[in-house]
Amino acid sequence: MEKANRSIHCTVTSCNYHCSCEDYCSLDSIQVGTHECSPTEEQCTDCMSFKKK
Ligand code: SF4
């Protein structure tokens, strides 16, 4: 059973690292990045640690 990291809230249930029973990530830390050259809003940022289930 993976451990919820209560410092990283996440609702991406299709990610392999999502803590299935609660809305937290199970990793110790994550990498956040962007797919834009000049990000202006939250939709421009991405969790680069995402891995498909
Ligand atoms: S790796 Fe990123 S997308 Fe996946 S559960 Fe953790 S925070 Fe969410």
# chains A, B, ... in the order shown; residues from 1 in each chain; ligands from 1
$ closest_atom_pairs --of "chain A" --to "ligand 1" --cutoff "9 Å" --atoms "only C-alpha atoms and all ligand atoms" --output "CSV"
residue,atom,partner,partner_atom_place_in_ligand_line,distance
A:Ile8,CA,ligand 1,7 (S),6.3
A:His9,CA,ligand 1,7 (S),6.9
A:Cys10,CA,ligand 1,8 (Fe),4.7
A:Thr11,CA,ligand 1,8 (Fe),6.5
A:Val12,CA,ligand 1,8 (Fe),5.2
A:Thr13,CA,ligand 1,5 (S),7.0
A:Ser14,CA,ligand 1,4 (Fe),7.9
A:Cys15,CA,ligand 1,4 (Fe),4.6
A:Asn16,CA,ligand 1,4 (Fe),6.3
A:Tyr17,CA,ligand 1,5 (S),4.3
A:His18,CA,ligand 1,5 (S),3.6
A:Cys19,CA,ligand 1,5 (S),6.8
A:Asp23,CA,ligand 1,5 (S),8.4
A:Tyr24,CA,ligand 1,5 (S),6.6
A:Cys25,CA,ligand 1,6 (Fe),4.0
A:Ser26,CA,ligand 1,6 (Fe),6.3
A:Leu27,CA,ligand 1,6 (Fe),6.1
A:Ser29,CA,ligand 1,6 (Fe),8.1
A:Ile30,CA,ligand 1,1 (S),6.1
A:Gln31,CA,ligand 1,2 (Fe),7.7
A:Val32,CA,ligand 1,2 (Fe),8.0
A:Asp46,CA,ligand 1,2 (Fe),8.1
A:Cys47,CA,ligand 1,2 (Fe),4.7
A:Met48,CA,ligand 1,2 (Fe),6.7
A:Ser49,CA,ligand 1,1 (S),4.3
A:Phe50,CA,ligand 1,1 (S),4.2
A:Lys51,CA,ligand 1,4 (Fe),6.3
A:Lys52,CA,ligand 1,4 (Fe),8.2
$ select_by_dssp --residues "chain A" --states "strand (DSSP E)" --output "count of residues only"
13
$ atom_distance --atom1 "CA of Glu22 in chain A" --atom2 "CA of Glu42 in chain A"
22.4 Å
$ atom_distance --atom1 "CA of Ala4 in chain A" --atom2 "CA of Lys53 in chain A"
16.7 Å
$ decode --residues "range 3-18 of chain A" --atoms "all heavy atoms" --output "PDB file, in the first residue's frame"
ATOM      1  N   LYS A   3       2.129   5.147   0.437  1.00  0.00           N
ATOM      2  CA  LYS A   3       1.946   6.102   1.522  1.00  0.00           C
ATOM      3  C   LYS A   3       1.582   7.469   0.948  1.00  0.00           C
ATOM      4  O   LYS A   3       2.235   7.939   0.015  1.00  0.00           O
ATOM      5  CB  LYS A   3       3.259   6.186   2.305  1.00  0.00           C
ATOM      6  CG  LYS A   3       3.178   7.015   3.560  1.00  0.00           C
ATOM      7  CD  LYS A   3       4.524   6.976   4.271  1.00  0.00           C
ATOM      8  CE  LYS A   3       4.550   7.856   5.491  1.00  0.00           C
ATOM      9  NZ  LYS A   3       4.201   9.257   5.235  1.00  0.00           N
ATOM     10  N   ALA A   4       0.536   8.096   1.500  1.00  0.00           N
ATOM     11  CA  ALA A   4       0.137   9.424   1.024  1.00  0.00           C
ATOM     12  C   ALA A   4       1.130  10.463   1.533  1.00  0.00           C
ATOM     13  O   ALA A   4       1.430  10.502   2.717  1.00  0.00           O
ATOM     14  CB  ALA A   4      -1.256   9.758   1.533  1.00  0.00           C
ATOM     15  N   ASN A   5       1.666  11.283   0.636  1.00  0.00           N
ATOM     16  CA  ASN A   5       2.516  12.406   1.033  1.00  0.00           C
ATOM     17  C   ASN A   5       1.596  13.614   1.199  1.00  0.00           C
ATOM     18  O   ASN A   5       1.136  14.208   0.215  1.00  0.00           O
ATOM     19  CB  ASN A   5       3.578  12.678  -0.041  1.00  0.00           C
ATOM     20  CG  ASN A   5       4.499  13.805   0.360  1.00  0.00           C
ATOM     21  OD1 ASN A   5       4.173  14.610   1.235  1.00  0.00           O
ATOM     22  ND2 ASN A   5       5.649  13.876  -0.290  1.00  0.00           N
ATOM     23  N   ARG A   6       1.321  13.973   2.450  1.00  0.00           N
ATOM     24  CA  ARG A   6       0.329  15.017   2.721  1.00  0.00           C
ATOM     25  C   ARG A   6       0.810  16.418   2.378  1.00  0.00           C
ATOM     26  O   ARG A   6       0.070  17.387   2.544  1.00  0.00           O
ATOM     27  CB  ARG A   6      -0.161  14.908   4.168  1.00  0.00           C
ATOM     28  CG  ARG A   6      -0.860  13.564   4.350  1.00  0.00           C
ATOM     29  CD  ARG A   6      -1.543  13.376   5.666  1.00  0.00           C
ATOM     30  NE  ARG A   6      -2.058  12.000   5.753  1.00  0.00           N
ATOM     31  CZ  ARG A   6      -3.200  11.597   5.204  1.00  0.00           C
ATOM     32  NH1 ARG A   6      -3.975  12.447   4.575  1.00  0.00           N
ATOM     33  NH2 ARG A   6      -3.585  10.340   5.285  1.00  0.00           N
ATOM     34  N   SER A   7       2.024  16.513   1.877  1.00  0.00           N
ATOM     35  CA  SER A   7       2.521  17.809   1.389  1.00  0.00           C
ATOM     36  C   SER A   7       2.236  17.982  -0.091  1.00  0.00           C
ATOM     37  O   SER A   7       2.428  19.067  -0.637  1.00  0.00           O
ATOM     38  CB  SER A   7       4.030  17.910   1.617  1.00  0.00           C
ATOM     39  OG  SER A   7       4.316  17.847   2.990  1.00  0.00           O
ATOM     40  N   ILE A   8       1.822  16.883  -0.777  1.00  0.00           N
ATOM     41  CA  ILE A   8       1.556  16.972  -2.220  1.00  0.00           C
ATOM     42  C   ILE A   8       0.125  16.528  -2.501  1.00  0.00           C
ATOM     43  O   ILE A   8      -0.179  15.346  -2.635  1.00  0.00           O
ATOM     44  CB  ILE A   8       2.548  16.108  -3.039  1.00  0.00           C
ATOM     45  CG1 ILE A   8       3.998  16.432  -2.671  1.00  0.00           C
ATOM     46  CG2 ILE A   8       2.315  16.330  -4.535  1.00  0.00           C
ATOM     47  CD1 ILE A   8       5.026  15.563  -3.390  1.00  0.00           C
ATOM     48  N   HIS A   9      -0.789  17.487  -2.577  1.00  0.00           N
ATOM     49  CA  HIS A   9      -2.179  17.210  -2.932  1.00  0.00           C
ATOM     50  C   HIS A   9      -2.252  16.960  -4.434  1.00  0.00           C
ATOM     51  O   HIS A   9      -1.634  17.679  -5.213  1.00  0.00           O
ATOM     52  CB  HIS A   9      -3.078  18.401  -2.588  1.00  0.00           C
ATOM     53  CG  HIS A   9      -3.161  18.676  -1.117  1.00  0.00           C
ATOM     54  ND1 HIS A   9      -4.256  18.347  -0.362  1.00  0.00           N
ATOM     55  CD2 HIS A   9      -2.275  19.234  -0.272  1.00  0.00           C
ATOM     56  CE1 HIS A   9      -4.043  18.690   0.900  1.00  0.00           C
ATOM     57  NE2 HIS A   9      -2.845  19.235   0.980  1.00  0.00           N
ATOM     58  N   CYS A  10      -3.013  15.970  -4.841  1.00  0.00           N
ATOM     59  CA  CYS A  10      -3.137  15.679  -6.274  1.00  0.00           C
ATOM     60  C   CYS A  10      -4.431  14.928  -6.528  1.00  0.00           C
ATOM     61  O   CYS A  10      -4.818  14.053  -5.753  1.00  0.00           O
ATOM     62  CB  CYS A  10      -1.950  14.842  -6.746  1.00  0.00           C
ATOM     63  SG  CYS A  10      -2.041  14.479  -8.514  1.00  0.00           S
ATOM     64  N   THR A  11      -5.106  15.280  -7.631  1.00  0.00           N
ATOM     65  CA  THR A  11      -6.368  14.630  -7.988  1.00  0.00           C
ATOM     66  C   THR A  11      -6.259  13.819  -9.276  1.00  0.00           C
ATOM     67  O   THR A  11      -7.268  13.380  -9.819  1.00  0.00           O
ATOM     68  CB  THR A  11      -7.487  15.682  -8.166  1.00  0.00           C
ATOM     69  OG1 THR A  11      -7.069  16.615  -9.162  1.00  0.00           O
ATOM     70  CG2 THR A  11      -7.778  16.415  -6.856  1.00  0.00           C
ATOM     71  N   VAL A  12      -5.039  13.614  -9.754  1.00  0.00           N
ATOM     72  CA  VAL A  12      -4.842  12.895 -11.023  1.00  0.00           C
ATOM     73  C   VAL A  12      -4.860  11.380 -10.755  1.00  0.00           C
ATOM     74  O   VAL A  12      -3.821  10.733 -10.592  1.00  0.00           O
ATOM     75  CB  VAL A  12      -3.524  13.318 -11.702  1.00  0.00           C
ATOM     76  CG1 VAL A  12      -3.408  12.668 -13.081  1.00  0.00           C
ATOM     77  CG2 VAL A  12      -3.462  14.832 -11.837  1.00  0.00           C
ATOM     78  N   THR A  13      -6.074  10.827 -10.718  1.00  0.00           N
ATOM     79  CA  THR A  13      -6.207   9.417 -10.330  1.00  0.00           C
ATOM     80  C   THR A  13      -5.675   8.453 -11.380  1.00  0.00           C
ATOM     81  O   THR A  13      -5.468   7.279 -11.089  1.00  0.00           O
ATOM     82  CB  THR A  13      -7.683   9.077 -10.036  1.00  0.00           C
ATOM     83  OG1 THR A  13      -8.467   9.474 -11.166  1.00  0.00           O
ATOM     84  CG2 THR A  13      -8.170   9.815  -8.792  1.00  0.00           C
ATOM     85  N   SER A  14      -5.451   8.925 -12.596  1.00  0.00           N
ATOM     86  CA  SER A  14      -4.913   8.044 -13.638  1.00  0.00           C
ATOM     87  C   SER A  14      -3.397   7.919 -13.555  1.00  0.00           C
ATOM     88  O   SER A  14      -2.789   7.185 -14.328  1.00  0.00           O
ATOM     89  CB  SER A  14      -5.316   8.550 -15.028  1.00  0.00           C
ATOM     90  OG  SER A  14      -4.806   9.852 -15.224  1.00  0.00           O
ATOM     91  N   CYS A  15      -2.782   8.619 -12.603  1.00  0.00           N
ATOM     92  CA  CYS A  15      -1.326   8.529 -12.441  1.00  0.00           C
ATOM     93  C   CYS A  15      -0.974   7.326 -11.564  1.00  0.00           C
ATOM     94  O   CYS A  15      -1.642   7.051 -10.566  1.00  0.00           O
ATOM     95  CB  CYS A  15      -0.787   9.812 -11.816  1.00  0.00           C
ATOM     96  SG  CYS A  15       1.001   9.743 -11.538  1.00  0.00           S
ATOM     97  N   ASN A  16       0.088   6.664 -11.936  1.00  0.00           N
ATOM     98  CA  ASN A  16       0.563   5.485 -11.200  1.00  0.00           C
ATOM     99  C   ASN A  16       0.957   5.830  -9.762  1.00  0.00           C
ATOM    100  O   ASN A  16       0.909   4.965  -8.884  1.00  0.00           O
ATOM    101  CB  ASN A  16       1.773   4.908 -11.948  1.00  0.00           C
ATOM    102  CG  ASN A  16       2.152   3.541 -11.433  1.00  0.00           C
ATOM    103  OD1 ASN A  16       1.298   2.668 -11.301  1.00  0.00           O
ATOM    104  ND2 ASN A  16       3.412   3.352 -11.129  1.00  0.00           N
ATOM    105  N   TYR A  17       1.346   7.086  -9.503  1.00  0.00           N
ATOM    106  CA  TYR A  17       1.811   7.482  -8.172  1.00  0.00           C
ATOM    107  C   TYR A  17       0.718   8.094  -7.310  1.00  0.00           C
ATOM    108  O   TYR A  17       0.969   8.489  -6.179  1.00  0.00           O
ATOM    109  CB  TYR A  17       2.983   8.468  -8.300  1.00  0.00           C
ATOM    110  CG  TYR A  17       4.132   7.899  -9.062  1.00  0.00           C
ATOM    111  CD1 TYR A  17       4.590   8.501 -10.233  1.00  0.00           C
ATOM    112  CD2 TYR A  17       4.775   6.736  -8.624  1.00  0.00           C
ATOM    113  CE1 TYR A  17       5.645   7.969 -10.944  1.00  0.00           C
ATOM    114  CE2 TYR A  17       5.830   6.196  -9.339  1.00  0.00           C
ATOM    115  CZ  TYR A  17       6.265   6.806 -10.497  1.00  0.00           C
ATOM    116  OH  TYR A  17       7.300   6.271 -11.202  1.00  0.00           O
ATOM    117  N   HIS A  18      -0.512   8.180  -7.849  1.00  0.00           N
ATOM    118  CA  HIS A  18      -1.607   8.722  -7.048  1.00  0.00           C
ATOM    119  C   HIS A  18      -1.942   7.744  -5.924  1.00  0.00           C
ATOM    120  O   HIS A  18      -1.957   6.531  -6.127  1.00  0.00           O
ATOM    121  CB  HIS A  18      -2.846   8.947  -7.931  1.00  0.00           C
ATOM    122  CG  HIS A  18      -3.953   9.670  -7.230  1.00  0.00           C
ATOM    123  ND1 HIS A  18      -4.974   9.017  -6.597  1.00  0.00           N
ATOM    124  CD2 HIS A  18      -4.161  11.000  -7.047  1.00  0.00           C
ATOM    125  CE1 HIS A  18      -5.784   9.909  -6.055  1.00  0.00           C
ATOM    126  NE2 HIS A  18      -5.323  11.117  -6.307  1.00  0.00           N
TER     127      HIS A  18
END
